[in-house]
>>> print(open('query_32.cif').read())   # mmCIF, C-alpha atoms
data_final
loop_
_atom_site.label_atom_id
_atom_site.label_comp_id
_atom_site.auth_asym_id
_atom_site.auth_seq_id
_atom_site.Cartn_x
_atom_site.Cartn_y
_atom_site.Cartn_z
CA MET A 1 -8.25 31.26 -9.10
CA THR A 2 -11.33 33.07 -10.29
CA GLU A 3 -14.60 33.02 -8.42
CA THR A 4 -17.85 32.34 -10.25
CA ARG A 5 -21.33 33.12 -8.99
CA PRO A 6 -24.65 31.99 -10.49
CA ALA A 7 -25.12 35.42 -12.00
CA ASP A 8 -21.85 35.01 -13.89
CA ALA A 9 -22.69 31.56 -15.21
CA ALA A 10 -22.96 32.61 -18.84
CA GLU A 11 -19.41 33.97 -18.88
CA GLY A 12 -16.99 32.00 -21.03
CA ARG A 13 -19.66 30.25 -23.09
CA GLY A 14 -19.69 30.16 -26.86
CA SER A 15 -22.49 31.29 -29.12
CA SER A 16 -24.48 28.20 -28.23
CA GLY A 17 -24.68 29.43 -24.63
CA PHE A 18 -23.09 26.26 -23.27
CA SER A 19 -19.53 25.11 -22.60
CA TYR A 20 -18.28 21.80 -21.25
CA ARG A 21 -14.96 23.30 -20.09
CA PRO A 22 -15.86 24.01 -16.44
CA PHE A 23 -17.10 20.44 -15.98
CA ILE A 24 -14.20 18.36 -17.32
CA TRP A 25 -12.58 17.67 -13.95
CA LEU A 26 -15.96 17.03 -12.37
CA ALA A 27 -16.46 14.33 -14.99
CA VAL A 28 -13.10 12.83 -13.98
CA ALA A 29 -14.29 12.83 -10.37
CA THR A 30 -17.50 11.01 -11.31
CA PHE A 31 -15.32 8.65 -13.37
CA SER A 32 -13.52 7.63 -10.17
CA MET A 33 -16.86 7.19 -8.39
CA GLY A 34 -18.11 5.08 -11.28
CA ILE A 35 -15.20 2.67 -11.01
CA ASP A 36 -15.84 2.40 -7.27
CA GLY A 37 -19.56 1.86 -7.80
CA TYR A 38 -19.26 -0.93 -10.33
CA VAL A 39 -15.93 -2.75 -10.09
CA LEU A 40 -16.66 -4.58 -6.82
CA ALA A 41 -19.57 -6.38 -8.45
CA GLY A 42 -17.15 -8.18 -10.76
CA LEU A 43 -14.83 -9.23 -7.94
CA LEU A 44 -17.18 -10.70 -5.34
CA PRO A 45 -15.70 -14.23 -5.45
CA GLN A 46 -12.15 -12.88 -4.95
CA ILE A 47 -13.20 -10.52 -2.15
CA ALA A 48 -15.19 -13.25 -0.41
CA GLY A 49 -12.27 -15.67 -0.54
CA ASP A 50 -9.68 -13.17 0.66
CA LEU A 51 -11.79 -11.76 3.51
CA GLU A 52 -13.22 -15.21 4.36
CA VAL A 53 -16.91 -14.29 3.95
CA THR A 54 -19.69 -15.44 1.64
CA PRO A 55 -20.26 -13.77 -1.76
CA ALA A 56 -23.53 -12.36 -0.39
CA ALA A 57 -21.64 -10.79 2.52
CA ALA A 58 -19.05 -9.41 0.11
CA GLY A 59 -21.92 -7.82 -1.81
CA GLN A 60 -22.82 -5.91 1.32
CA LEU A 61 -19.67 -3.84 0.85
CA MET A 62 -21.72 -2.13 -1.85
CA SER A 63 -24.83 -1.99 0.34
CA VAL A 64 -23.12 -0.36 3.33
CA PHE A 65 -21.66 2.30 1.03
CA ALA A 66 -25.08 3.05 -0.40
CA PHE A 67 -26.94 3.09 2.94
CA THR A 68 -24.34 5.40 4.46
CA ALA A 69 -24.52 7.74 1.49
CA ALA A 70 -28.32 7.82 1.60
CA LEU A 71 -28.39 8.84 5.26
CA ALA A 72 -25.38 11.15 5.25
CA GLY A 73 -26.05 13.06 2.04
CA PRO A 74 -28.70 15.54 3.26
CA VAL A 75 -27.03 16.05 6.65
CA LEU A 76 -23.56 16.69 5.25
CA GLY A 77 -25.03 18.82 2.48
CA THR A 78 -26.69 21.02 5.09
CA LEU A 79 -23.62 21.30 7.31
CA THR A 80 -21.55 22.42 4.34
CA SER A 81 -24.23 24.46 2.53
CA ARG A 82 -22.60 27.79 3.34
CA TRP A 83 -19.17 26.65 2.24
CA GLU A 84 -17.71 27.72 -1.06
CA ARG A 85 -18.63 24.96 -3.50
CA ARG A 86 -15.19 24.13 -4.85
CA THR A 87 -13.93 23.69 -1.29
CA THR A 88 -16.80 21.29 -0.59
CA ILE A 89 -16.04 19.29 -3.72
CA VAL A 90 -12.32 19.08 -2.89
CA LEU A 91 -12.84 17.95 0.71
CA SER A 92 -15.51 15.41 -0.15
CA LEU A 93 -13.39 13.96 -2.95
CA GLY A 94 -10.41 13.75 -0.58
CA VAL A 95 -12.44 11.77 1.97
CA PHE A 96 -13.72 9.49 -0.80
CA VAL A 97 -10.15 8.78 -1.94
CA LEU A 98 -9.02 8.10 1.64
CA GLY A 99 -11.86 5.64 2.16
CA ASN A 100 -10.80 3.66 -0.89
CA VAL A 101 -7.22 3.55 0.36
CA VAL A 102 -8.50 2.05 3.63
CA VAL A 103 -10.42 -0.62 1.70
CA ALA A 104 -7.35 -1.38 -0.42
CA VAL A 105 -5.20 -2.13 2.65
CA ALA A 106 -7.93 -3.80 4.74
CA THR A 107 -6.78 -7.02 6.38
CA ASN A 108 -10.27 -8.16 7.39
CA TYR A 109 -13.94 -7.64 6.65
CA PRO A 110 -14.70 -5.08 9.43
CA VAL A 111 -11.86 -2.82 8.26
CA ALA A 112 -13.09 -3.08 4.67
CA LEU A 113 -16.59 -2.12 5.83
CA SER A 114 -15.15 0.86 7.72
CA GLY A 115 -13.36 2.02 4.59
CA ARG A 116 -16.57 1.76 2.60
CA VAL A 117 -18.38 3.89 5.21
CA LEU A 118 -15.64 6.54 5.01
CA ALA A 119 -15.73 6.52 1.20
CA ALA A 120 -19.52 6.84 1.31
CA LEU A 121 -19.35 9.91 3.54
CA GLY A 122 -17.18 11.64 0.96
CA GLY A 123 -19.04 10.26 -2.04
CA SER A 124 -22.50 11.30 -0.81
CA LEU A 125 -21.44 14.90 -0.34
CA LEU A 126 -19.47 14.91 -3.59
CA ASN A 127 -22.46 13.73 -5.60
CA ALA A 128 -24.75 16.45 -4.27
CA ALA A 129 -22.10 19.17 -4.56
CA VAL A 130 -21.22 18.30 -8.15
CA THR A 131 -24.85 18.19 -9.29
CA GLY A 132 -25.68 21.50 -7.61
CA TYR A 133 -22.56 23.08 -9.11
CA VAL A 134 -23.51 21.96 -12.63
CA LEU A 135 -27.09 23.18 -12.33
CA ALA A 136 -25.97 26.55 -10.98
CA LEU A 137 -23.56 27.16 -13.87
CA THR A 138 -25.86 25.96 -16.65
CA PRO A 139 -28.92 27.60 -18.28
CA SER A 140 -32.05 25.51 -17.77
CA GLU A 141 -32.32 24.74 -21.49
CA HIS A 142 -28.92 23.01 -21.33
CA HIS A 143 -29.38 21.10 -18.07
CA GLY A 144 -29.81 17.83 -19.97
CA LYS A 145 -26.53 18.12 -21.87
CA ALA A 146 -24.59 19.35 -18.84
CA LEU A 147 -25.79 16.57 -16.55
CA SER A 148 -25.23 14.05 -19.32
CA PHE A 149 -21.63 15.22 -19.71
CA VAL A 150 -20.79 15.05 -16.00
CA LEU A 151 -22.66 11.80 -15.47
CA GLY A 152 -20.83 10.57 -18.57
CA GLY A 153 -17.76 10.27 -16.35
CA TRP A 154 -19.66 7.67 -14.31
CA MET A 155 -20.83 5.88 -17.44
CA THR A 156 -17.37 5.97 -19.02
CA ALA A 157 -16.03 4.29 -15.90
CA THR A 158 -18.23 1.27 -16.57
CA ALA A 159 -16.84 1.01 -20.10
CA LEU A 160 -13.15 1.75 -19.44
CA GLY A 161 -12.37 1.96 -15.74
CA VAL A 162 -14.21 -1.17 -14.67
CA PRO A 163 -12.63 -3.49 -17.29
CA VAL A 164 -9.19 -2.14 -16.40
CA GLY A 165 -10.04 -2.58 -12.72
CA LEU A 166 -11.17 -6.15 -13.34
CA LEU A 167 -7.96 -6.90 -15.21
CA LEU A 168 -5.98 -5.59 -12.25
CA GLY A 169 -8.33 -7.51 -9.96
CA GLN A 170 -7.27 -10.81 -11.44
CA SER A 171 -4.03 -10.40 -9.48
CA SER A 172 -5.66 -8.83 -6.42
CA TRP A 173 -9.06 -7.28 -5.82
CA ARG A 174 -7.24 -4.51 -3.91
CA PHE A 175 -5.61 -3.07 -7.02
CA PRO A 176 -8.89 -1.63 -8.41
CA MET A 177 -9.39 0.24 -5.12
CA ILE A 178 -5.94 1.76 -5.62
CA LEU A 179 -6.97 2.67 -9.18
CA VAL A 180 -10.01 4.50 -7.81
CA ALA A 181 -7.79 6.43 -5.39
CA VAL A 182 -5.33 7.36 -8.14
CA VAL A 183 -8.03 8.60 -10.53
CA GLY A 184 -9.72 10.48 -7.69
CA THR A 185 -6.43 12.16 -6.81
CA ILE A 186 -5.93 13.24 -10.43
CA ALA A 187 -9.43 14.73 -10.41
CA LEU A 188 -8.66 16.44 -7.12
CA ILE A 189 -5.59 18.15 -8.58
CA GLY A 190 -7.50 19.22 -11.70
CA ILE A 191 -10.34 20.66 -9.65
CA LEU A 192 -7.97 22.63 -7.45
CA LEU A 193 -6.20 24.09 -10.48
CA ARG A 194 -9.04 24.62 -12.94
CA LEU A 195 -12.46 24.69 -11.31
CA PRO A 196 -13.84 28.21 -10.64
CA GLN A 197 -14.99 28.98 -7.14
CA LEU A 198 -18.73 29.23 -6.62
CA HIS A 199 -20.83 30.55 -3.74
CA LEU A 200 -24.45 29.45 -3.43
CA PRO A 201 -27.01 30.36 -0.77
CA GLY A 202 -26.80 28.16 2.32
CA GLY A 203 -29.70 26.52 4.06
CA THR A 204 -30.85 24.63 7.14
CA LEU A 205 -31.74 20.95 7.33
CA VAL A 206 -35.41 21.95 7.61
CA GLU A 207 -35.13 23.92 4.38
CA ARG A 208 -33.37 21.05 2.67
CA LEU A 209 -36.04 18.59 3.74
CA ARG A 210 -38.93 20.96 2.94
CA PRO A 211 -39.42 19.47 -0.55
CA LEU A 212 -40.30 16.21 1.21
CA GLY A 213 -43.53 17.94 2.24
CA ARG A 214 -44.68 17.71 -1.38
CA PRO A 215 -46.17 14.23 -1.91
CA ARG A 216 -45.72 14.36 -5.68
CA LEU A 217 -42.02 15.10 -5.32
CA VAL A 218 -41.53 12.38 -2.71
CA ALA A 219 -43.15 9.91 -5.09
CA GLY A 220 -40.81 11.13 -7.82
CA LEU A 221 -37.80 10.52 -5.58
CA LEU A 222 -39.09 7.01 -4.86
CA VAL A 223 -39.05 6.38 -8.60
CA THR A 224 -35.30 7.02 -8.45
CA THR A 225 -35.03 4.55 -5.58
CA GLY A 226 -36.98 1.96 -7.55
CA ILE A 227 -34.80 2.30 -10.65
CA LEU A 228 -31.59 1.82 -8.68
CA CYS A 229 -33.04 -0.95 -6.53
CA SER A 230 -34.05 -2.98 -9.58
CA SER A 231 -30.65 -2.37 -11.18
CA TYR A 232 -28.44 -3.29 -8.22
CA ALA A 233 -30.49 -6.35 -7.29
CA CYS A 234 -28.98 -7.89 -10.43
CA PHE A 235 -25.83 -5.92 -11.20
CA THR A 236 -24.24 -6.54 -7.81
CA TYR A 237 -24.42 -10.28 -8.51
CA ALA A 238 -23.83 -10.16 -12.27
CA THR A 239 -20.89 -12.57 -12.01
CA LEU A 240 -23.16 -15.11 -10.30
CA ILE A 241 -25.89 -14.68 -12.94
CA LEU A 242 -23.74 -14.75 -16.07
CA GLY A 243 -20.67 -16.59 -14.78
CA PRO A 244 -22.12 -20.10 -15.33
CA HIS A 245 -22.60 -19.27 -19.04
CA PHE A 246 -19.19 -17.64 -19.55
CA HIS A 247 -16.42 -19.53 -17.75
CA ALA A 248 -13.31 -17.81 -19.07
CA GLU A 249 -11.80 -15.21 -16.73
CA TRP A 250 -11.65 -12.62 -19.50
CA ALA A 251 -15.33 -13.14 -20.42
CA MET A 252 -16.74 -11.12 -17.53
CA ILE A 253 -14.25 -8.34 -18.24
CA LEU A 254 -15.55 -8.06 -21.80
CA ILE A 255 -19.14 -8.30 -20.59
CA MET A 256 -18.60 -5.48 -18.09
CA PHE A 257 -17.00 -3.46 -20.88
CA GLY A 258 -20.10 -4.03 -23.00
CA TYR A 259 -22.33 -2.96 -20.13
CA GLY A 260 -20.32 0.21 -19.75
CA VAL A 261 -20.53 1.06 -23.45
CA SER A 262 -24.27 0.42 -23.32
CA SER A 263 -24.64 2.72 -20.31
CA MET A 264 -22.68 5.45 -22.06
CA ALA A 265 -24.88 5.13 -25.13
CA GLY A 266 -28.06 5.33 -23.08
CA ASN A 267 -26.79 8.36 -21.16
CA ALA A 268 -25.68 10.20 -24.31
CA VAL A 269 -28.90 9.57 -26.21
CA THR A 270 -31.35 10.46 -23.45
CA GLY A 271 -29.33 13.54 -22.50
CA ARG A 272 -30.14 14.96 -25.92
CA LEU A 273 -33.67 13.59 -26.10
CA VAL A 274 -34.55 15.37 -22.86
CA ASP A 275 -33.63 18.71 -24.44
CA LYS A 276 -35.69 17.81 -27.53
CA PHE A 277 -38.71 16.08 -26.01
CA THR A 278 -40.00 16.04 -22.44
CA ALA A 279 -38.18 14.27 -19.62
CA LEU A 280 -41.46 12.55 -18.74
CA LYS A 281 -41.82 10.90 -22.14
CA VAL A 282 -38.21 9.79 -22.27
CA LEU A 283 -38.33 8.35 -18.75
CA THR A 284 -41.57 6.47 -19.47
CA VAL A 285 -40.01 4.72 -22.46
CA VAL A 286 -36.90 3.83 -20.45
CA LEU A 287 -38.85 2.38 -17.50
CA VAL A 288 -41.20 0.28 -19.63
CA GLY A 289 -38.21 -0.98 -21.62
CA LEU A 290 -36.37 -2.00 -18.46
CA LEU A 291 -39.40 -3.91 -17.18
CA LEU A 292 -39.90 -5.83 -20.42
CA ASN A 293 -36.19 -6.56 -20.57
CA ALA A 294 -36.14 -8.01 -17.04
CA VAL A 295 -39.13 -10.28 -17.70
CA LEU A 296 -37.83 -11.59 -21.03
CA GLY A 297 -34.33 -12.04 -19.61
CA MET A 298 -35.61 -14.06 -16.67
CA ILE A 299 -37.64 -16.36 -18.91
CA ALA A 300 -34.71 -16.92 -21.28
CA LEU A 301 -32.13 -17.58 -18.56
CA MET A 302 -34.39 -19.98 -16.70
CA PHE A 303 -36.03 -21.96 -19.51
CA ALA A 304 -34.13 -21.53 -22.79
CA PRO A 305 -31.46 -23.99 -24.00
CA ALA A 306 -27.96 -23.23 -22.77
CA VAL A 307 -26.72 -21.48 -25.93
CA VAL A 308 -29.88 -19.37 -26.26
CA ALA A 309 -29.81 -18.54 -22.55
CA ALA A 310 -26.20 -17.36 -22.82
CA ALA A 311 -26.94 -15.16 -25.83
CA TRP A 312 -30.09 -13.73 -24.30
CA GLY A 313 -28.25 -13.17 -21.05
CA LEU A 314 -25.95 -10.79 -22.90
CA ILE A 315 -28.89 -9.08 -24.59
CA TRP A 316 -30.57 -8.61 -21.20
CA PHE A 317 -27.44 -7.29 -19.50
CA PHE A 318 -26.50 -4.83 -22.24
CA SER A 319 -30.09 -3.63 -22.62
CA ALA A 320 -30.22 -3.08 -18.87
CA GLY A 321 -27.06 -0.99 -19.27
CA VAL A 322 -28.77 1.19 -21.88
CA GLY A 323 -31.81 1.67 -19.67
CA ASN A 324 -29.99 2.24 -16.41
CA GLY A 325 -27.54 4.64 -18.04
CA GLY A 326 -30.34 6.38 -19.92
CA GLY A 327 -32.68 6.82 -16.97
CA ALA A 328 -30.49 9.16 -14.91
CA VAL A 329 -30.72 12.37 -16.96
CA PRO A 330 -34.49 12.39 -17.63
CA GLN A 331 -35.22 11.55 -14.00
CA GLN A 332 -32.98 14.33 -12.70
CA ALA A 333 -34.36 16.81 -15.22
CA ARG A 334 -37.93 15.90 -14.30
CA LEU A 335 -37.30 16.26 -10.57
CA ALA A 336 -35.62 19.64 -11.12
CA SER A 337 -38.63 20.83 -13.12
CA MET A 338 -41.00 19.72 -10.34
CA ALA A 339 -39.28 22.05 -7.86
CA PRO A 340 -37.33 24.65 -9.87
CA ASP A 341 -37.00 26.90 -6.82
CA SER A 342 -35.27 24.12 -4.88
CA ALA A 343 -33.37 22.33 -7.64
CA ALA A 344 -30.07 22.01 -5.76
CA ILE A 345 -31.83 20.67 -2.67
CA VAL A 346 -33.89 18.24 -4.72
CA MET A 347 -30.74 16.96 -6.44
CA ALA A 348 -29.18 16.33 -3.03
CA LEU A 349 -32.26 14.38 -1.99
CA ASN A 350 -32.14 12.53 -5.30
CA GLY A 351 -28.57 11.54 -4.47
CA SER A 352 -29.88 10.00 -1.26
CA ALA A 353 -32.63 8.26 -3.22
CA ILE A 354 -29.99 6.83 -5.57
CA SER A 355 -27.90 5.56 -2.68
CA LEU A 356 -30.94 4.13 -0.91
CA GLY A 357 -32.01 2.29 -4.06
CA SER A 358 -28.52 0.90 -4.59
CA ALA A 359 -28.38 -0.32 -1.01
CA LEU A 360 -31.85 -1.85 -1.10
CA GLY A 361 -31.08 -3.57 -4.40
CA SER A 362 -27.78 -5.07 -3.22
CA GLY A 363 -29.35 -6.04 0.10
CA LEU A 364 -32.48 -7.48 -1.49
CA GLY A 365 -30.42 -9.55 -3.90
CA GLY A 366 -28.26 -10.82 -1.04
CA VAL A 367 -31.32 -11.76 1.02
CA ALA A 368 -32.83 -13.60 -1.95
CA LEU A 369 -29.64 -15.58 -2.53
CA THR A 370 -29.27 -16.39 1.16
CA ALA A 371 -32.87 -17.59 1.19
CA GLY A 372 -32.01 -20.08 -1.55
CA ALA A 373 -32.99 -18.25 -4.73
CA ALA A 374 -31.02 -19.05 -7.86
CA PRO A 375 -29.00 -16.15 -9.27
CA ASN A 376 -31.28 -16.12 -12.34
CA GLY A 377 -34.20 -15.50 -10.00
CA LEU A 378 -32.80 -12.06 -9.22
CA LEU A 379 -34.18 -10.90 -12.58
CA GLY A 380 -37.62 -11.72 -11.21
CA VAL A 381 -36.88 -9.61 -8.13
CA SER A 382 -35.87 -6.78 -10.45
CA ALA A 383 -39.05 -7.18 -12.50
CA VAL A 384 -41.26 -6.94 -9.40
CA VAL A 385 -39.48 -3.78 -8.27
CA LEU A 386 -39.78 -2.29 -11.76
CA THR A 387 -43.50 -3.06 -11.91
CA ILE A 388 -44.01 -1.06 -8.71
CA THR A 389 -41.72 1.69 -10.03
CA VAL A 390 -43.53 2.03 -13.35
CA SER A 391 -46.88 2.21 -11.57
CA LEU A 392 -45.57 4.90 -9.24
CA HIS A 393 -44.08 6.80 -12.17
CA LEU A 394 -47.43 6.84 -13.98
CA LEU A 395 -49.18 8.09 -10.84
CA VAL A 396 -46.65 10.91 -10.54
CA ALA A 397 -47.12 11.78 -14.21
CA ARG A 398 -50.90 11.93 -13.77
CA ALA A 399 -50.58 14.09 -10.66
CA SER A 400 -48.20 16.42 -12.50
CA GLN A 401 -50.63 16.83 -15.38
CA ALA A 402 -53.45 17.53 -12.96
CA ALA A 403 -51.33 20.16 -11.18
CA VAL A 404 -50.62 21.94 -14.48
CA ALA A 405 -54.28 21.81 -15.51
#
>>> encode(input="query_32.cif", output="structure tokens")
Amino acid sequence: MTETRPADAAEGRGSSGFSYRPFIWLAVATFSMGIDGYVLAGLLPQIAGDLEVTPAAAGQLMSVFAFTAALAGPVLGTLTSRWERRTTIVLSLGVFVLGNVVVAVATNYPVALSGRVLAALGGSLLNAAVTGYVLALTPSEHHGKALSFVLGGWMTATALGVPVGLLLGQSSWRFPMILVAVVGTIALIGILLRLPQLHLPGGTLVERLRPLGRPRLVAGLLVTTGILCSSYACFTYATLILGPHFHAEWAMILIMFGYGVSSMAGNAVTGRLVDKFTALKVLTVVLVGLLLNAVLGMIALMFAPAVVAAAWGLIWFFSAGVGNGGGAVPQQARLASMAPDSAAIVMALNGSAISLGSALGSGLGGVALTAGAAPNGLLGVSAVVLTITVSLHLLVARASQAAVA
């Protein structure tokens, strides 16, 4: 197996200066993470019934994963920062697969929670390691395309892996967890055989957290948290929001497929727009679009006639898929440009911000439902979070312009 260093990153590229080849198996790894991240949301009633908990408690299987990943990401990234990168990716992916196996065989809720914690420990490190690997091997002018390709594995999972997982889940919700483990194992084998080794400079926890001393960057990371919080406040409970309008068992499978295709489209388009325009402009359009979509969707689902509400519910959900899928690349590119000397560290912190937002969103939605809110009301929760996020984003943009001036 060959060893690649940042200085050798251009080797093996075509005339365009960019090749997807080194990242194929990383995309398969993110594909497995994407199935894990999304499929549980479509199976909450089955999980709740089997483990004898409420749907809101079942939703916390997603929250505990995200909270664990948010806290563990920077610490594990620091402890392994001097390791060869392919080794880090392999070990973290192995732990992630093992955690999903534990969930698949769990006989009760505490064991399932333990499996989610284990999977989160592997997933948090895997996310940071993969992003840092991609950035190290890619020229800055191609960061958008490279991140879009690797993140495309996650988006593809929502279009292909999640519907397949939901089909399997009609027999048992445990089968999708086995699917995640199988796909993760395939990625693991591919990475071991095909991914070049890569050594990057190590660092201490203080060095990794140093970017948090920059207020503008912290605010930018909180934008990430806001985007994911607004998304997961609704997506985690999508079956409760849309289920009353679409009663057939296959309906939610098709709807999740549509969400996945929408996410892929958003990711593909913004990945190229970032390289053509500025990440700031692209992200602004995405955030404003998500806010308007949440407000209009809430109004339609709450007050429109049943047929109109059902149709608009689909429009809202698929549009949210476009926005949520399309927001990842411009946000990551913008954060990297805000601290180009610490890009790998910032991406690790962004991974924690993603996990924190996912956890807060799932938790916030669960709290709202437990407090008596109707599932449709979760769109209002999302809209409030997005209003705060857009405001914060604009403040960061203004501060960035002032810093350049």
>>> closest_atom_pairs(input="query_32.cif", of="stretch 154-252 of chain A", to="stretch 314-324 of chain A", cutoff="9 Å", atoms="only C-alpha atoms", output="Markdown table")
| residue | atom | partner | partner_atom | distance |
| --- | --- | --- | --- | --- |
| A:Ile227 | CA | A:Asn324 | CA | 7.5 |
| A:Leu228 | CA | A:Asn324 | CA | 7.9 |
| A:Ser231 | CA | A:Asn324 | CA | 7.0 |
| A:Phe235 | CA | A:Phe317 | CA | 8.6 |
| A:Ala238 | CA | A:Phe317 | CA | 8.6 |
| A:Leu242 | CA | A:Leu314 | CA | 8.2 |
>>> write_last_selection(input="query_32.cif", atoms="C-alpha atoms", output="short mmCIF file (atom, residue, chain, number, x, y, z; two decimals), in the frame of the given file")
data_model
loop_
_atom_site.label_atom_id
_atom_site.label_comp_id
_atom_site.auth_asym_id
_atom_site.auth_seq_id
_atom_site.Cartn_x
_atom_site.Cartn_y
_atom_site.Cartn_z
CA ILE A 227 -34.80 2.30 -10.65
CA LEU A 228 -31.59 1.82 -8.68
CA SER A 231 -30.65 -2.37 -11.18
CA PHE A 235 -25.83 -5.92 -11.20
CA ALA A 238 -23.83 -10.16 -12.27
CA LEU A 242 -23.74 -14.75 -16.07
#
>>> residues_near_point(input="query_32.cif", point="(-4.7, 4.7, -8.7)", cutoff="12 Å", atoms="all atoms listed in the file", output="CSV table (one decimal) with C-alpha atoms, in the frame of the given file")
chain,number,residue,atom,x,y,z
A,32,SER,CA,-13.5,7.6,-10.2
A,35,ILE,CA,-15.2,2.7,-11.0
A,36,ASP,CA,-15.8,2.4,-7.3
A,97,VAL,CA,-10.2,8.8,-1.9
A,98,LEU,CA,-9.0,8.1,1.6
A,100,ASN,CA,-10.8,3.7,-0.9
A,101,VAL,CA,-7.2,3.6,0.4
A,104,ALA,CA,-7.4,-1.4,-0.4
A,161,GLY,CA,-12.4,2.0,-15.7
A,164,VAL,CA,-9.2,-2.1,-16.4
A,165,GLY,CA,-10.0,-2.6,-12.7
A,168,LEU,CA,-6.0,-5.6,-12.2
A,174,ARG,CA,-7.2,-4.5,-3.9
A,175,PHE,CA,-5.6,-3.1,-7.0
A,176,PRO,CA,-8.9,-1.6,-8.4
A,177,MET,CA,-9.4,0.2,-5.1
A,178,ILE,CA,-5.9,1.8,-5.6
A,179,LEU,CA,-7.0,2.7,-9.2
A,180,VAL,CA,-10.0,4.5,-7.8
A,181,ALA,CA,-7.8,6.4,-5.4
A,182,VAL,CA,-5.3,7.4,-8.1
A,183,VAL,CA,-8.0,8.6,-10.5
A,184,GLY,CA,-9.7,10.5,-7.7
A,185,THR,CA,-6.4,12.2,-6.8
A,186,ILE,CA,-5.9,13.2,-10.4
A,187,ALA,CA,-9.4,14.7,-10.4
>>> residues_around(input="query_32.cif", residues="stretch 253-258 of chain A", least_positions_apart="3", cutoff="8 Å", atoms="all atoms listed in the file", output="JSON, numbers by chain")
{"A": [42, 158, 159, 160, 162, 163, 166, 167, 249, 250, 261, 262, 314, 318]}
>>> residues_around(input="query_32.cif", residues="A:Leu113", least_positions_apart="5", cutoff="8 Å", atoms="only C-alpha atoms", output="list in words")
Leu61, Val64 and Val103 of chain A
>>> atom_distance(input="query_32.cif", atom1="atom CA of A:Gly361", atom2="atom CA of A:Ser230")
6.0 Å
>>> residues_around(input="query_32.cif", residues="A:Val381", least_positions_apart="6", cutoff="9 Å", atoms="all atoms listed in the file", output="tab-separated table (two decimals) with C-alpha atoms, in the frame of the given file")
chain	number	residue	atom	x	y	z
A	230	SER	CA	-34.05	-2.98	-9.58
A	233	ALA	CA	-30.49	-6.35	-7.29
A	234	CYS	CA	-28.98	-7.89	-10.43
A	364	LEU	CA	-32.48	-7.48	-1.49
A	365	GLY	CA	-30.42	-9.55	-3.90
A	368	ALA	CA	-32.83	-13.60	-1.95
>>> closest_residue(input="query_32.cif", among="A:Phe23, A:Phe96, A:Tyr38, A:Tyr259", to="A:Tyr237", atoms="all atoms listed in the file")
A:Tyr38
>>> residues_around(input="query_32.cif", residues="A:Arg86", least_positions_apart="4", cutoff="12 Å", atoms="all atoms listed in the file", output="number ranges by chain")
A: 1-5, 22-23, 25-26, 80-82, 90-93, 126, 129-130, 132-134, 188-200
>>> residues_around(input="query_32.cif", residues="stretch 325-336 of chain A", least_positions_apart="2", cutoff="7 Å", atoms="only C-alpha atoms", output="list in words")
Gly144, Leu147, Ser148, Met155, Gly220, Ser263, Met264, Gly266, Asn267, Thr270, Gly271, Val274, Ala279, Leu280, Val282, Leu283, Val286, Gly321, Val322, Gly323, Met338, Ala339, Pro340, Ala343 and Val346 of chain A
>>> write_last_selection(input="query_32.cif", atoms="C-alpha atoms", output="compact mmCIF listing (two decimals), keeping the file's coordinate frame")
# COMPACT_ATOMS: atom_id res chain seq x y z
CA GLY A 144 -29.81 17.83 -19.97
CA LEU A 147 -25.79 16.57 -16.55
CA SER A 148 -25.23 14.05 -19.32
CA MET A 155 -20.83 5.88 -17.44
CA GLY A 220 -40.81 11.13 -7.82
CA SER A 263 -24.64 2.72 -20.31
CA MET A 264 -22.68 5.45 -22.06
CA GLY A 266 -28.06 5.33 -23.08
CA ASN A 267 -26.79 8.36 -21.16
CA THR A 270 -31.35 10.46 -23.45
CA GLY A 271 -29.33 13.54 -22.50
CA VAL A 274 -34.55 15.37 -22.86
CA ALA A 279 -38.18 14.27 -19.62
CA LEU A 280 -41.46 12.55 -18.74
CA VAL A 282 -38.21 9.79 -22.27
CA LEU A 283 -38.33 8.35 -18.75
CA VAL A 286 -36.90 3.83 -20.45
CA GLY A 321 -27.06 -0.99 -19.27
CA VAL A 322 -28.77 1.19 -21.88
CA GLY A 323 -31.81 1.67 -19.67
CA MET A 338 -41.00 19.72 -10.34
CA ALA A 339 -39.28 22.05 -7.86
CA PRO A 340 -37.33 24.65 -9.87
CA ALA A 343 -33.37 22.33 -7.64
CA VAL A 346 -33.89 18.24 -4.72
>>> resolve_selection(input="query_32.cif", expression="the PyMOL selection byres ((chain A and resi 72) around 10)", output="PyMOL selection string")
chain A and resi 66-71+73-78+120-125+352
>>> closest_residue(input="query_32.cif", among="A:Val285, A:His247, A:Ile299, A:Gly363", to="A:Ala58", atoms="only C-alpha atoms")
A:Gly363
>>> atom_distance(input="query_32.cif", atom1="atom CA of A:Ser358", atom2="atom CA of A:Val223")
12.5 Å
>>> closest_residue(input="query_32.cif", among="A:Ser382, A:Gln401, A:Thr239, A:Thr224", to="A:Pro55", atoms="all atoms listed in the file")
A:Thr239
